[in-house]
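The block underneath contains the structure these notes are about, expressed in structure tokens.
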Amino acid sequence: MTILEDVVRWFTSPAHWSGPDGITTRLLEHVQLSAESVLIGAVIALPIGIVLGHYGRFGAAAINISNVGRAIPSFALLVLAFQIFGLGDAPIIIALTALAIPPMVTNSYVAMREVDPDVKDAARGMGYRELAQVLRVELPLAVPLVMAGVRTSAVQVVATATLAALIAGGGFGRYIIDGLAQFDYTKLMAGAILVAALALATEFSLAAVERLLVPRGIRLLGASAAKRVTFKAA
Amino acid sequence: MTGGLFLDYVDPWINWDWVSRHVSLILTSLLAHVELTVITVAVALVIALPIGVIAQRQPAFRAAALTLFGVFYTIPSIALFALLIPYTGLSTLTGEIGLVAYALLILTRNVIVGLDAVPADVRDAADGMGYRAFARLVRVELPLALPAIFAGVRIATVTTIGLITITAVIGLDSLGQLILTGLTDGVHTPLVVGTVLSVAFAFVADLALAAGERVAVPWARPA
């Protein structure tokens, strides 16, 4: 009997879908921790990146925050938050939020810088006030890259939330960490498949949201997501 | 676990006594971390160069490679390690497969971007001077792509140094093992030492690569 058959059997057993350690509960925990962190992170990061990008100020800082974010291990961030704030969801969310901020700042900064200066001039010439210009001209053009930053952050947060199981958090990471501790390779594999699937689902569902947000004309321009600043934290 | 439970002992963030008693552990962890980093980036670069060169010429292969690596990149490292463990065990190989895979996407993308940026005029001039395809690639195109390749190596290196800490969870030696010790023993010092050294190593490696780039690419000033 191969491990894969065991994993299939694990997934088809109804006992693994319900209860406090069931897939449904763990999924909700994982999504809730991640969503809260990304939302708080977005509220902090996007205005900063957008304002800095609009004025073209502190560009080095906006770019470097991603390099600093890459250098600080997400694992250390989680353990640090745990040692400072103790057990519970709050320390996990604090660590994940800190992790979510850099990619969103950098990508939204780059997104606003990439807006064609001629377009900004034209908006000025048509009499747009600054705020209207940002909201109605620059942001729609910047959406693809801003959203690419949100996607990058979300995927990294989902990935790192897995490690929260090390500091007694819930989520799919429980299966991986418990599977390792118990030498239960079936549980380990099942957890890995669930985590990978959730990360991919996050990426693809946010890409779908992005398609809804991007005006058709801009999509036809083929506005480049190639400028996306990637990030791999966990 | 903030201490304070017993005898009102307050655990300092850095306990120099602990550090002095664990110098050799700290050094072996750092060395293991450096070793994993060097192997990862070197192996990834050796694989990424040919893939990048071929992908830059073949649009279909480019799309396929970038999509495949992109999907791979999205998979959390801990999940990838966990998927490999039943086959390759709690081994360095398990860690390296994952780490190389992630560095590969960054490097391949940058090789392609770098080669894309070679001006068509330069290619024409090289052809006109009688360069054969391979000589043109090695002596004209790749040198011109070096700034982008260096940028990729820098990002891949810093990313790898951060990711390596996670391999502690699958039992590999690295600075991540100190962070994990801080967690399991509930003490601050190993966590702080592991984190600080990991961040410091990332900055030093990045600076060293930037310096290397200045030497290798004197005509382009790195950002």
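Residue numbers start at 1 in each chain; chains themselves are named A, B, ... in the order of the structure tokens; ligands are numbered from 1 in the order shown.
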
Do a neighbour search on Ala208 (chain A) at 12 Å with only C-alpha atoms, toss out local chain neighbours closer than 4 positions, and write the hits as an NGL selection string. :A and (144 or 147-148 or 151 or 201-204 or 212-214)

Selection to disk with C-alpha atoms, as a PDB file, in the first residue's frame:
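So the final result, stored in again.pdb, reads:
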```pdb
ATOM      1  CA  PRO A 144      -3.269  45.522 -12.011  1.00  0.00           C
ATOM      2  CA  MET A 147      -3.571  43.898  -6.963  1.00  0.00           C
ATOM      3  CA  ALA A 148      -0.483  41.895  -7.879  1.00  0.00           C
ATOM      4  CA  ARG A 151      -1.915  38.729  -4.242  1.00  0.00           C
ATOM      5  CA  ALA A 201      -6.646  29.016  -4.594  1.00  0.00           C
ATOM      6  CA  THR A 202      -5.659  32.330  -2.979  1.00  0.00           C
ATOM      7  CA  GLU A 203      -3.523  33.309  -5.956  1.00  0.00           C
ATOM      8  CA  PHE A 204      -6.113  32.340  -8.557  1.00  0.00           C
ATOM      9  CA  LEU A 212     -13.270  42.253 -12.183  1.00  0.00           C
ATOM     10  CA  LEU A 213     -11.604  45.414 -10.870  1.00  0.00           C
ATOM     11  CA  VAL A 214      -9.564  46.271 -13.927  1.00  0.00           C
TER      12      VAL A 214
END
```

Taking the DSSP secondary structure from the backbone, can you list the residues of region 7-222 of chain A that are alpha helix (DSSP H), as JSON, numbers by chain? {"A": [7, 8, 9, 10, 11, 12, 23, 24, 25, 26, 27, 28, 29, 30, 31, 32, 33, 34, 35, 36, 37, 38, 39, 40, 41, 42, 43, 44, 45, 46, 47, 48, 49, 50, 51, 52, 53, 54, 55, 59, 60, 61, 62, 63, 64, 65, 66, 67, 68, 69, 70, 71, 74, 75, 76, 77, 78, 79, 80, 81, 82, 83, 84, 85, 89, 90, 91, 92, 93, 94, 95, 96, 97, 98, 99, 100, 101, 102, 103, 104, 105, 106, 107, 108, 109, 110, 111, 112, 113, 117, 118, 119, 120, 121, 122, 123, 124, 125, 130, 131, 132, 139, 140, 141, 142, 143, 144, 145, 146, 147, 148, 149, 150, 151, 152, 153, 154, 155, 156, 157, 158, 159, 160, 161, 162, 163, 173, 174, 175, 176, 177, 178, 179, 180, 181, 185, 186, 187, 188, 189, 190, 191, 192, 193, 194, 195, 196, 197, 198, 199, 200, 201, 202, 203, 204, 205, 206, 207, 208, 209, 210, 211, 212, 213, 216, 217, 218, 219, 220]}

Taking only C-alpha atoms into account, name the residue in B:Leu142, B:Ala168, B:Leu36, B:Ala210 that is nearest to Glu96 (chain B). B:Leu36

For chain B, work out the contacting residues on chain A at 9 Å, counting only C-alpha atoms, and write them as a PyMOL selection string. chain A and resi 3+67-68+70-77+79-80+82-87+152+155-156+158-160+162-163+166-167+173+176-177+180+185-186+188-200+203+230-234

In terms of the shortest atom-to-atom distance over only C-alpha atoms, which of B:Ser24, B:Thr67, B:Gln58, B:Thr92 is closest to Ile39 (chain B)?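 The closest residue to Ile39 (chain B) is B:Thr92.
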
Residue neighbourhood Glu36 (chain A), 10 Å, only C-alpha atoms, exclusion window fewer than 6 positions, as a short mmCIF file (atom, residue, chain, number, x, y, z; two decimals) with C-alpha atoms, in the first residue's frame:
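Output below, filename result-v5.cif:
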```cif
data_model
loop_
_atom_site.label_atom_id
_atom_site.label_comp_id
_atom_site.auth_asym_id
_atom_site.auth_seq_id
_atom_site.Cartn_x
_atom_site.Cartn_y
_atom_site.Cartn_z
CA ALA A 42 -3.66 46.46 3.11
CA ILE A 93 -1.98 38.29 13.26
CA ILE A 94 0.60 40.90 14.28
CA LEU A 96 1.47 38.05 9.57
CA THR A 97 0.43 41.70 9.16
#
```

Counting only C-alpha atoms, figure out which residue out of A:Ala142, A:Ala154, A:Leu4, A:Ile101 gets nearest to Ile65 (chain A).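 Checking each candidate against Ile65 (chain A), we get A:Ile101 as the closest.
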
Which residues are near Pro117 (chain A)? Cut-off 10 Å, only C-alpha atoms, ignore same chain within fewer than 5 positions. Put them as a ChimeraX atom specification. /A:122-123,138

Any chance you could export the current selection's N, CA and C atoms as a PDB file, in the first residue's frame?
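Saved result, again-v4.pdb, follows:
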```
ATOM      1  N   ALA A 122      -2.340  65.109 -19.025  1.00  0.00           N
ATOM      2  CA  ALA A 122      -3.634  65.268 -19.687  1.00  0.00           C
ATOM      3  C   ALA A 122      -4.729  65.473 -18.646  1.00  0.00           C
ATOM      4  N   ALA A 123      -4.663  64.692 -17.551  1.00  0.00           N
ATOM      5  CA  ALA A 123      -5.674  64.816 -16.497  1.00  0.00           C
ATOM      6  C   ALA A 123      -5.632  66.224 -15.909  1.00  0.00           C
ATOM      7  N   GLU A 138      -5.279  57.836 -12.069  1.00  0.00           N
ATOM      8  CA  GLU A 138      -4.069  57.056 -11.794  1.00  0.00           C
ATOM      9  C   GLU A 138      -4.388  55.672 -11.221  1.00  0.00           C
TER      10      GLU A 138
END
```

Find, counting only C-alpha atoms, the residue in A:Gln32, A:Ala111, A:Val7, A:Ala90 that gets nearest to Val157 (chain A).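 For Val157 (chain A), the nearest of the given residues is A:Gln32.
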